[in-house]
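Here is the file final.cif (mmCIF, C-alpha atoms).
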data_my_file
#
loop_
_atom_site.group_PDB
_atom_site.id
_atom_site.type_symbol
_atom_site.label_atom_id
_atom_site.label_comp_id
_atom_site.auth_asym_id
_atom_site.auth_seq_id
_atom_site.Cartn_x
_atom_site.Cartn_y
_atom_site.Cartn_z
ATOM 1 C CA MET B 12 146.461 113.598 237.612
ATOM 2 C CA PRO B 13 148.442 110.863 239.336
ATOM 3 C CA ALA B 14 145.258 108.907 239.600
ATOM 4 C CA LEU B 15 144.604 109.261 235.896
ATOM 5 C CA ILE B 16 148.050 108.090 235.056
ATOM 6 C CA ARG B 17 147.607 105.099 237.189
ATOM 7 C CA ALA B 18 144.441 104.285 235.598
ATOM 8 C CA GLN B 19 146.030 104.317 232.137
ATOM 9 C CA ALA B 20 148.979 102.318 233.349
ATOM 10 C CA ASP B 21 146.947 99.747 235.122
ATOM 11 C CA PRO B 22 143.886 98.916 233.123
ATOM 12 C CA GLN B 23 142.615 96.520 235.681
ATOM 13 C CA SER B 24 142.154 99.297 238.239
ATOM 14 C CA THR B 25 139.206 100.742 236.297
ATOM 15 C CA PRO B 26 137.264 97.771 235.089
ATOM 16 C CA GLN B 27 134.013 99.601 234.463
ATOM 17 C CA SER B 28 135.359 102.610 232.595
ATOM 18 C CA VAL B 29 136.793 100.634 229.754
ATOM 19 C CA PRO B 30 133.608 98.822 228.797
ATOM 20 C CA SER B 31 131.720 102.105 228.721
ATOM 21 C CA VAL B 32 134.145 103.538 226.288
ATOM 22 C CA SER B 33 134.148 100.455 224.119
ATOM 23 C CA LYS B 34 130.369 100.401 223.958
ATOM 24 C CA ALA B 35 130.309 103.961 222.864
ATOM 25 C CA ALA B 36 132.881 103.220 220.184
ATOM 26 C CA GLN B 37 131.159 100.076 219.032
ATOM 27 C CA THR B 38 127.696 101.587 218.913
ATOM 28 C CA THR B 39 126.484 101.621 215.308
ATOM 29 C CA PRO B 40 124.584 104.603 213.997
ATOM 30 C CA SER B 41 120.927 104.158 213.652
ATOM 31 C CA LYS B 42 119.467 103.754 210.138
ATOM 32 C CA PRO B 43 117.367 106.513 208.658
ATOM 33 C CA ALA B 44 113.632 106.283 208.882
ATOM 34 C CA SER B 45 113.333 105.768 205.214
ATOM 35 C CA THR B 46 115.396 102.612 205.466
ATOM 36 C CA LEU B 47 113.329 101.296 208.236
ATOM 37 C CA HIS B 48 110.130 101.669 206.287
ATOM 38 C CA GLY B 49 111.578 99.809 203.237
ATOM 39 C CA THR B 50 112.012 102.792 200.919
ATOM 40 C CA SER B 51 115.213 103.762 199.179
ATOM 41 C CA PRO B 52 117.404 106.263 200.967
ATOM 42 C CA ILE B 53 117.349 109.822 199.804
ATOM 43 C CA ASP B 54 120.433 110.689 197.790
ATOM 44 C CA PRO B 55 122.578 113.210 199.477
ATOM 45 C CA ASP B 56 122.960 116.629 197.972
ATOM 46 C CA PRO B 57 125.929 116.690 195.620
ATOM 47 C CA ALA B 58 126.860 120.135 196.850
ATOM 48 C CA GLN B 59 127.076 118.922 200.433
ATOM 49 C CA THR B 60 128.990 115.746 199.553
ATOM 50 C CA SER B 61 132.722 116.075 199.511
ATOM 51 C CA ALA B 62 134.794 114.913 196.546
ATOM 52 C CA GLY B 63 136.461 112.225 198.562
ATOM 53 C CA SER B 64 133.205 110.629 199.702
ATOM 54 C CA GLN B 65 131.742 110.051 196.085
ATOM 55 C CA THR B 66 131.244 106.414 195.106
ATOM 56 C CA PRO B 67 133.266 105.471 191.972
ATOM 57 C CA GLN B 68 131.276 104.210 188.938
ATOM 58 C CA ILE B 69 132.484 101.003 187.332
ATOM 59 C CA VAL B 70 131.757 100.549 183.568
ATOM 60 C CA VAL B 71 132.048 97.005 182.319
ATOM 61 C CA THR B 72 133.021 96.810 178.601
ATOM 62 C CA PRO B 73 132.196 93.473 176.969
ATOM 63 C CA ALA B 74 135.013 91.727 175.228
ATOM 64 C CA PRO B 75 134.952 92.011 171.378
ATOM 65 C CA ALA B 76 133.374 89.049 169.563
ATOM 66 C CA LEU B 77 135.908 86.811 168.061
ATOM 67 C CA PRO B 78 135.521 86.219 164.251
ATOM 68 C CA ALA B 79 134.134 82.878 163.244
ATOM 69 C CA PRO B 80 136.821 80.535 162.146
ATOM 70 C CA TRP B 81 137.202 80.227 158.307
ATOM 71 C CA THR B 82 136.932 76.532 157.765
ATOM 72 C CA TRP B 83 138.128 74.685 154.702
ATOM 73 C CA HIS B 84 134.503 74.243 153.600
ATOM 74 C CA ASP B 85 134.007 78.038 153.509
ATOM 75 C CA GLN B 86 137.285 78.467 151.664
ATOM 76 C CA VAL B 87 136.259 75.942 149.014
ATOM 77 C CA LEU B 88 132.811 77.572 148.664
ATOM 78 C CA TRP B 89 134.341 81.051 148.304
ATOM 79 C CA GLY B 90 136.782 79.760 145.703
ATOM 80 C CA ALA B 91 133.962 78.045 143.772
ATOM 81 C CA LEU B 92 131.861 81.234 143.800
ATOM 82 C CA LEU B 93 134.832 83.253 142.579
ATOM 83 C CA VAL B 94 135.434 80.786 139.765
ATOM 84 C CA LEU B 95 131.734 80.911 138.803
ATOM 85 C CA VAL B 96 131.771 84.714 138.736
ATOM 86 C CA VAL B 97 134.861 84.764 136.515
ATOM 87 C CA LEU B 98 133.400 82.123 134.213
ATOM 88 C CA GLY B 99 130.087 84.021 134.026
ATOM 89 C CA TYR B 100 131.875 87.243 133.116
ATOM 90 C CA ILE B 101 133.907 85.457 130.450
ATOM 91 C CA GLY B 102 130.731 83.807 129.130
ATOM 92 C CA VAL B 103 128.966 87.177 128.850
ATOM 93 C CA LEU B 104 131.917 88.616 126.936
ATOM 94 C CA LEU B 105 131.982 85.631 124.588
ATOM 95 C CA SER B 106 128.221 85.857 124.066
ATOM 96 C CA LEU B 107 128.443 89.542 123.181
ATOM 97 C CA ARG B 108 131.263 88.829 120.760
ATOM 98 C CA ILE B 109 129.310 85.988 119.143
ATOM 99 C CA LEU B 110 126.223 88.184 118.828
ATOM 100 C CA LYS B 111 128.274 90.922 117.156
ATOM 101 C CA ASN B 112 129.716 88.374 114.735
ATOM 102 C CA ILE B 113 126.226 87.068 113.993
ATOM 103 C CA GLN B 114 124.997 90.621 113.397
ATOM 104 C CA ARG B 115 127.867 91.298 110.993
ATOM 105 C CA GLN B 116 127.238 88.044 109.150
ATOM 106 C CA THR B 117 123.510 88.819 108.986
ATOM 107 C CA GLU B 118 124.149 92.286 107.583
ATOM 108 C CA PHE B 119 126.622 90.828 105.105
ATOM 109 C CA GLY B 120 124.095 88.141 104.145
ATOM 110 C CA VAL B 121 121.365 90.744 103.620
ATOM 111 C CA SER B 122 123.680 92.852 101.477
ATOM 112 C CA ALA B 123 124.718 89.797 99.478
ATOM 113 C CA ALA B 124 121.076 88.779 99.033
ATOM 114 C CA GLN B 125 120.146 92.265 97.836
ATOM 115 C CA ALA B 126 123.065 92.288 95.421
ATOM 116 C CA ALA B 127 122.100 88.837 94.161
ATOM 117 C CA LEU B 128 118.490 89.958 93.756
ATOM 118 C CA GLN B 129 119.571 93.015 91.797
ATOM 119 C CA CYS B 130 121.795 90.860 89.589
ATOM 120 C CA ALA B 131 118.937 88.411 89.065
ATOM 121 C CA ASN B 132 116.551 91.224 88.149
ATOM 122 C CA ALA B 133 119.109 92.693 85.760
ATOM 123 C CA ALA B 134 119.673 89.275 84.188
ATOM 124 C CA LEU B 135 115.920 88.743 83.919
ATOM 125 C CA GLU B 136 115.425 92.124 82.290
ATOM 126 C CA SER B 137 118.307 91.429 79.926
ATOM 127 C CA SER B 138 116.928 88.018 78.995
ATOM 128 C CA GLN B 139 113.435 89.470 78.637
ATOM 129 C CA ALA B 140 114.821 92.188 76.376
ATOM 130 C CA ILE B 141 116.514 89.508 74.265
ATOM 131 C CA VAL B 142 113.292 87.510 74.108
ATOM 132 C CA ASP B 143 111.240 90.596 73.250
ATOM 133 C CA SER B 144 113.677 91.605 70.543
ATOM 134 C CA GLY B 145 113.334 88.191 68.941
ATOM 135 C CA ARG B 146 109.585 87.678 69.311
ATOM 136 C CA PRO B 147 107.092 88.594 66.569
ATOM 137 C CA TRP B 148 105.385 91.987 66.697
ATOM 138 C CA ILE B 149 102.146 92.512 64.787
ATOM 139 C CA VAL B 150 101.774 96.123 63.654
ATOM 140 C CA ILE B 151 98.544 97.475 62.127
ATOM 141 C CA THR B 152 98.662 99.674 59.039
ATOM 142 C CA VAL B 153 96.078 100.901 56.501
ATOM 143 C CA GLU B 154 96.410 100.601 52.761
ATOM 144 C CA PRO B 155 93.977 101.749 50.020
ATOM 145 C CA PHE B 156 92.458 99.349 47.549
ATOM 146 C CA LEU B 157 93.980 99.858 44.099
ATOM 147 C CA THR B 158 90.900 98.590 42.240
ATOM 148 C CA VAL B 159 88.119 99.943 44.493
ATOM 149 C CA GLU B 160 87.440 103.666 44.846
ATOM 150 C CA HIS B 161 87.107 104.863 48.471
ATOM 151 C CA GLY B 162 88.101 101.435 49.621
ATOM 152 C CA PHE B 163 90.674 100.564 52.291
ATOM 153 C CA LYS B 164 92.019 97.515 54.033
ATOM 154 C CA VAL B 165 93.510 97.115 57.490
ATOM 155 C CA MET B 166 96.816 95.240 57.276
ATOM 156 C CA ALA B 167 98.596 93.170 59.965
ATOM 157 C CA THR B 168 102.363 93.125 59.434
ATOM 158 C CA ASN B 169 104.915 91.052 61.336
ATOM 159 C CA ARG B 170 107.712 93.427 62.382
ATOM 160 C CA GLY B 171 109.444 90.884 64.633
ATOM 161 C CA ARG B 172 112.274 88.427 64.040
ATOM 162 C CA THR B 173 110.346 85.177 64.360
ATOM 163 C CA PRO B 174 107.197 83.853 62.645
ATOM 164 C CA ALA B 175 103.808 84.725 64.118
ATOM 165 C CA ARG B 176 100.600 82.719 64.054
ATOM 166 C CA ILE B 177 97.421 84.824 64.129
ATOM 167 C CA LEU B 178 94.897 82.827 66.155
ATOM 168 C CA ALA B 179 91.865 85.149 66.249
ATOM 169 C CA LYS B 180 90.677 88.631 65.328
ATOM 170 C CA ALA B 181 87.716 90.875 66.028
ATOM 171 C CA ASP B 182 86.567 94.289 64.783
ATOM 172 C CA CYS B 183 83.699 96.671 65.579
ATOM 173 C CA VAL B 184 82.240 99.928 64.213
ATOM 174 C CA LYS B 185 81.152 102.746 66.508
ATOM 175 C CA ILE B 186 79.721 106.232 65.731
ATOM 176 C CA ALA B 187 80.518 108.939 68.295
ATOM 177 C CA PRO B 188 80.957 112.744 68.336
ATOM 178 C CA ASP B 189 84.702 112.264 68.913
ATOM 179 C CA GLU B 190 87.159 109.722 70.277
ATOM 180 C CA THR B 191 86.653 110.910 73.862
ATOM 181 C CA LYS B 192 83.051 109.679 73.683
ATOM 182 C CA LEU B 193 84.087 106.117 72.965
ATOM 183 C CA PRO B 194 83.674 103.576 75.806
ATOM 184 C CA ALA B 195 86.609 103.606 78.197
ATOM 185 C CA THR B 196 87.173 99.892 77.597
ATOM 186 C CA PRO B 197 86.677 98.574 74.078
ATOM 187 C CA ASP B 198 84.194 95.745 73.649
ATOM 188 C CA TYR B 199 85.322 93.230 71.040
ATOM 189 C CA ASP B 200 82.752 90.521 71.749
ATOM 190 C CA SER B 201 80.168 92.064 69.445
ATOM 191 C CA GLY B 202 82.671 92.118 66.592
ATOM 192 C CA LYS B 203 83.639 88.473 66.653
ATOM 193 C CA SER B 204 82.819 86.608 63.479
ATOM 194 C CA ALA B 205 80.346 83.740 63.671
ATOM 195 C CA THR B 206 82.428 81.716 61.211
ATOM 196 C CA PRO B 207 85.640 80.216 62.621
ATOM 197 C CA PHE B 208 88.782 82.123 61.799
ATOM 198 C CA GLU B 209 91.474 80.329 59.856
ATOM 199 C CA PRO B 210 94.866 80.902 61.497
ATOM 200 C CA ILE B 211 97.350 82.927 59.466
ATOM 201 C CA ILE B 212 101.108 82.448 59.705
ATOM 202 C CA LEU B 213 103.169 85.561 59.032
ATOM 203 C CA LEU B 214 106.886 85.352 58.529
ATOM 204 C CA PRO B 215 109.026 88.342 59.518
ATOM 205 C CA GLY B 216 108.153 91.220 57.183
ATOM 206 C CA GLU B 217 104.986 89.602 55.763
ATOM 207 C CA SER B 218 101.534 91.266 55.853
ATOM 208 C CA ALA B 219 97.923 90.127 55.629
ATOM 209 C CA GLY B 220 94.617 92.005 55.317
ATOM 210 C CA ILE B 221 92.349 91.552 58.328
ATOM 211 C CA ARG B 222 89.539 94.110 57.719
ATOM 212 C CA PRO B 223 88.373 95.780 54.479
ATOM 213 C CA PHE B 224 86.242 98.943 54.655
ATOM 214 C CA ARG B 225 84.579 100.973 51.870
ATOM 215 C CA ARG B 226 82.252 103.975 51.535
ATOM 216 C CA ALA B 227 79.401 101.622 50.716
ATOM 217 C CA ASP B 228 79.788 100.103 54.169
ATOM 218 C CA VAL B 229 79.151 103.446 55.898
ATOM 219 C CA ARG B 230 75.459 103.495 54.956
ATOM 220 C CA SER B 231 74.847 100.137 56.645
ATOM 221 C CA TYR B 232 76.033 101.536 60.008
ATOM 222 C CA CYS B 233 73.865 104.704 59.839
ATOM 223 C CA PRO B 234 70.344 104.151 61.203
ATOM 224 C CA SER B 235 68.992 107.230 59.304
ATOM 225 C CA ASP B 236 69.854 109.741 56.625
ATOM 226 C CA GLU B 237 70.247 112.363 59.320
ATOM 227 C CA GLN B 238 73.059 110.319 60.846
ATOM 228 C CA LEU B 239 74.736 110.021 57.438
ATOM 229 C CA LYS B 240 74.575 113.799 56.976
ATOM 230 C CA ARG B 241 76.144 114.314 60.381
ATOM 231 C CA LEU B 242 79.022 112.073 59.286
ATOM 232 C CA GLU B 243 79.444 114.037 56.074
ATOM 233 C CA LYS B 244 79.586 117.297 58.074
ATOM 234 C CA TRP B 245 81.998 115.726 60.611
ATOM 235 C CA GLU B 246 79.542 116.421 63.402
ATOM 236 C CA ASP B 247 79.883 112.716 64.219
ATOM 237 C CA LYS B 248 82.729 110.328 63.482
ATOM 238 C CA LEU B 249 82.789 106.695 62.499
ATOM 239 C CA PHE B 250 85.444 104.568 64.213
ATOM 240 C CA VAL B 251 86.528 101.092 63.188
ATOM 241 C CA TYR B 252 88.476 99.263 65.892
ATOM 242 C CA GLY B 253 89.572 95.703 66.532
ATOM 243 C CA ARG B 254 92.019 93.254 68.091
ATOM 244 C CA VAL B 255 94.437 90.639 66.755
ATOM 245 C CA ILE B 256 95.509 87.677 68.930
ATOM 246 C CA TYR B 257 98.689 85.829 67.941
ATOM 247 C CA ARG B 258 101.576 83.826 69.363
ATOM 248 C CA ASP B 259 105.183 83.027 68.646
ATOM 249 C CA LEU B 260 105.714 79.789 66.775
ATOM 250 C CA ILE B 261 108.965 78.973 68.600
ATOM 251 C CA SER B 262 107.815 79.873 72.127
ATOM 252 C CA PRO B 263 106.671 77.138 74.568
ATOM 253 C CA LEU B 264 102.982 76.335 74.637
ATOM 254 C CA ASP B 265 102.624 77.524 78.223
ATOM 255 C CA GLN B 266 103.568 81.071 77.241
ATOM 256 C CA PRO B 267 100.652 83.552 77.016
ATOM 257 C CA ASN B 268 99.377 84.827 73.693
ATOM 258 C CA HIS B 269 100.150 88.305 72.349
ATOM 259 C CA GLU B 270 97.584 90.945 71.437
ATOM 260 C CA THR B 271 97.503 94.020 69.240
ATOM 261 C CA ASP B 272 94.629 96.511 69.503
ATOM 262 C CA TRP B 273 93.955 99.024 66.762
ATOM 263 C CA CYS B 274 91.496 101.826 66.021
ATOM 264 C CA CYS B 275 90.854 103.870 62.818
ATOM 265 C CA TRP B 276 88.707 106.849 61.925
ATOM 266 C CA TYR B 277 86.916 106.859 58.629
ATOM 267 C CA VAL B 278 87.196 110.368 57.201
ATOM 268 C CA TYR B 279 84.123 111.013 55.060
ATOM 269 C CA GLY B 280 84.613 113.642 52.289
ATOM 270 C CA ASP B 281 85.389 114.265 48.679
ATOM 271 C CA LYS B 282 88.348 111.966 49.075
ATOM 272 C CA ASP B 283 87.782 109.486 51.839
ATOM 273 C CA ALA B 284 90.522 108.233 54.126
ATOM 274 C CA LEU B 285 90.991 105.682 56.891
ATOM 275 C CA VAL B 286 93.560 106.863 59.448
ATOM 276 C CA ILE B 287 94.830 105.506 62.757
ATOM 277 C CA ALA B 288 93.063 107.316 65.622
ATOM 278 C CA GLY B 289 91.385 106.689 68.957
ATOM 279 C CA PRO B 290 92.528 106.785 72.614
ATOM 280 C CA PRO B 291 95.593 104.838 73.822
ATOM 281 C CA GLU B 292 93.385 102.108 75.282
ATOM 282 C CA TYR B 293 92.321 101.288 71.724
ATOM 283 C CA ASN B 294 95.886 101.272 70.344
ATOM 284 C CA LYS B 295 98.259 99.080 72.341
ATOM 285 C CA HIS B 296 100.530 96.078 71.996
ATOM 286 C CA ASN B 297 101.024 93.177 74.377
#
As structure tokens:
Amino acid sequence: MPALIRAQADPQSTPQSVPSVSKAAQTTPSKPASTLHGTSPIDPDPAQTSAGSQTPQIVVTPAPALPAPWTWHDQVLWGALLVLVVLGYIGVLLSLRILKNIQRQTEFGVSAAQAALQCANAALESSQAIVDSGRPWIVITVEPFLTVEHGFKVMATNRGRTPARILAKADCVKIAPDETKLPATPDYDSGKSATPFEPIILLPGESAGIRPFRRADVRSYCPSDEQLKRLEKWEDKLFVYGRVIYRDLISPLDQPNHETDWCCWYVYGDKDALVIAGPPEYNKHN
């Protein structure tokens, strides 16, 4: 014990013992075999590692990006875009309003045009009615001859308010079982006279004979006695029909002519007669 104390008090007395201790303390632990061969060390078992010996993990969070500076150029561009958007919106509103006004004006114009057209048609009909009421109207009637037995004459009478000028006339004779057997459209070409017709002027209320017909004329239209007997028994009928063409003396020359179609049935019997008959196509006024 005293020797040990001396040794601690006088370090120079034991020169060899101190280096041995220092070498042992300074000796570094040998590396594992895995390190020597260049491989990564095997992680220690977490269960065997104490809480104090765990290596702390450091997480580096990047700094947030700073916003780009808003330069005066960007401010002017943003302001210009905002102004354009506002102006575009206002322009759309104005366009819609203008279109609505145009639609209203169009509808009003269409209504006004329709009203004007109706007024024009009414005025035209009124003026046409006035013209028609003042124009001449040729009406066909039948009168018996006072001096000839079984003789008749077809008369054209002006029932209008202005003078009429008869320009042409035509008449035909047709034998048929009844009026339904007549041609659907009358043919007046065969009844036109070869001699030129002298125009007749009829004042309002005046009349003129345009076709005489007598019993003696019936025989000339019957090709046989059998046909004449059929007429006497009313098995067949003899029709006399014609057309009168006339115009108004006071109307312009470019106005069309007027026509009156007529048709009569010659009643053969003890007392003959000539009466207005025939389908509507044979009795019309224009």
* Could you check how far CA of Ile151 in chain B sits from CA of Lys282 in chain B, in Å to one decimal? =>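 Going from CA of Ile151 in chain B over to CA of Lys282 in chain B covers 22.0 Å.
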* **Residues in the PyMOL selection byres ((chain B and resi 277) around 7), expressed as a PyMOL selection string** => chain B and resi 249-250+275-276+278-279+284-286
* Best match for closeness to Lys295 in chain B among B:Val94, B:Val150, B:Cys233, B:Leu157, counting all atoms listed in the file ->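 Among the listed residues, B:Val150 lies closest to Lys295 in chain B.
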Can you build me a table of range 211-278 of chain B residues sitting at most 7 Å from range 189-200 of chain B, with the closest atom pair per residue and its distance in Å to one decimal, using only C-alpha atoms, sorted by chain and residue number, as CSV?
residue,atom,partner,partner_atom,distance
B:Asp247,CA,B:Asp189,CA,6.7
B:Lys248,CA,B:Asp189,CA,6.1
B:Gly253,CA,B:Tyr199,CA,6.7
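Of the listed residues (B:Leu242, B:Met166, B:His269, B:Gln86), B:Leu242 comes nearest to Val229 in chain B; the distances count all atoms listed in the file.
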Incomplete range 66-82 of chain B brought to N, CA, C and O atoms, written out as a JSON list (two decimals), keeping the file's coordinate frame:
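Everything below was put into rebuild-v7.json:
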[["chain", "number", "residue", "atom", "x", "y", "z"],
["B", 66, "THR", "N", 131.04, 107.83, 195.43],
["B", 66, "THR", "CA", 131.24, 106.41, 195.11],
["B", 66, "THR", "C", 131.72, 106.29, 193.66],
["B", 66, "THR", "O", 131.09, 106.83, 192.75],
["B", 67, "PRO", "N", 132.78, 105.61, 193.37],
["B", 67, "PRO", "CA", 133.27, 105.47, 191.97],
["B", 67, "PRO", "C", 132.33, 104.57, 191.16],
["B", 67, "PRO", "O", 131.78, 103.59, 191.67],
["B", 68, "GLN", "N", 132.11, 104.98, 189.87],
["B", 68, "GLN", "CA", 131.28, 104.21, 188.94],
["B", 68, "GLN", "C", 132.15, 103.27, 188.13],
["B", 68, "GLN", "O", 133.15, 103.69, 187.56],
["B", 69, "ILE", "N", 131.71, 102.03, 188.06],
["B", 69, "ILE", "CA", 132.48, 101.00, 187.33],
["B", 69, "ILE", "C", 131.73, 100.67, 186.06],
["B", 69, "ILE", "O", 130.56, 100.28, 186.09],
["B", 70, "VAL", "N", 132.33, 100.87, 184.88],
["B", 70, "VAL", "CA", 131.76, 100.55, 183.57],
["B", 70, "VAL", "C", 132.40, 99.28, 183.07],
["B", 70, "VAL", "O", 133.63, 99.22, 182.89],
["B", 71, "VAL", "N", 131.56, 98.29, 182.80],
["B", 71, "VAL", "CA", 132.05, 97.00, 182.32],
["B", 71, "VAL", "C", 131.91, 96.97, 180.80],
["B", 71, "VAL", "O", 130.80, 97.09, 180.27],
["B", 72, "THR", "N", 133.00, 96.90, 180.07],
["B", 72, "THR", "CA", 133.02, 96.81, 178.60],
["B", 72, "THR", "C", 133.13, 95.35, 178.19],
["B", 72, "THR", "O", 134.08, 94.67, 178.60],
["B", 73, "PRO", "N", 132.11, 94.89, 177.37],
["B", 73, "PRO", "CA", 132.20, 93.47, 176.97],
["B", 73, "PRO", "C", 133.37, 93.24, 176.05],
["B", 73, "PRO", "O", 133.77, 94.12, 175.27],
["B", 74, "ALA", "N", 133.88, 92.09, 176.09],
["B", 74, "ALA", "CA", 135.01, 91.73, 175.23],
["B", 74, "ALA", "C", 134.55, 91.63, 173.78],
["B", 74, "ALA", "O", 133.43, 91.19, 173.50],
["B", 75, "PRO", "N", 135.34, 92.09, 172.79],
["B", 75, "PRO", "CA", 134.95, 92.01, 171.38],
["B", 75, "PRO", "C", 134.75, 90.55, 170.96],
["B", 75, "PRO", "O", 135.49, 89.67, 171.38],
["B", 76, "ALA", "N", 133.66, 90.41, 170.04],
["B", 76, "ALA", "CA", 133.37, 89.05, 169.56],
["B", 76, "ALA", "C", 134.49, 88.56, 168.66],
["B", 76, "ALA", "O", 134.96, 89.28, 167.78],
["B", 77, "LEU", "N", 134.86, 87.40, 168.88],
["B", 77, "LEU", "CA", 135.91, 86.81, 168.06],
["B", 77, "LEU", "C", 135.34, 86.39, 166.71],
["B", 77, "LEU", "O", 134.20, 85.91, 166.64],
["B", 78, "PRO", "N", 136.02, 86.64, 165.56],
["B", 78, "PRO", "CA", 135.52, 86.22, 164.25],
["B", 78, "PRO", "C", 135.39, 84.71, 164.17],
["B", 78, "PRO", "O", 136.16, 83.97, 164.78],
["B", 79, "ALA", "N", 134.34, 84.31, 163.40],
["B", 79, "ALA", "CA", 134.13, 82.88, 163.24],
["B", 79, "ALA", "C", 135.30, 82.28, 162.49],
["B", 79, "ALA", "O", 135.85, 82.89, 161.56],
["B", 80, "PRO", "N", 135.69, 81.16, 162.85],
["B", 80, "PRO", "CA", 136.82, 80.54, 162.15],
["B", 80, "PRO", "C", 136.47, 80.22, 160.70],
["B", 80, "PRO", "O", 135.35, 79.83, 160.39],
["B", 81, "TRP", "N", 137.39, 80.47, 159.76],
["B", 81, "TRP", "CA", 137.20, 80.23, 158.31],
["B", 81, "TRP", "C", 137.63, 78.80, 158.02],
["B", 81, "TRP", "O", 138.82, 78.52, 157.86],
["B", 82, "THR", "N", 136.63, 77.95, 157.95],
["B", 82, "THR", "CA", 136.93, 76.53, 157.76],
["B", 82, "THR", "C", 137.29, 76.25, 156.31],
["B", 82, "THR", "O", 137.09, 77.09, 155.42]]
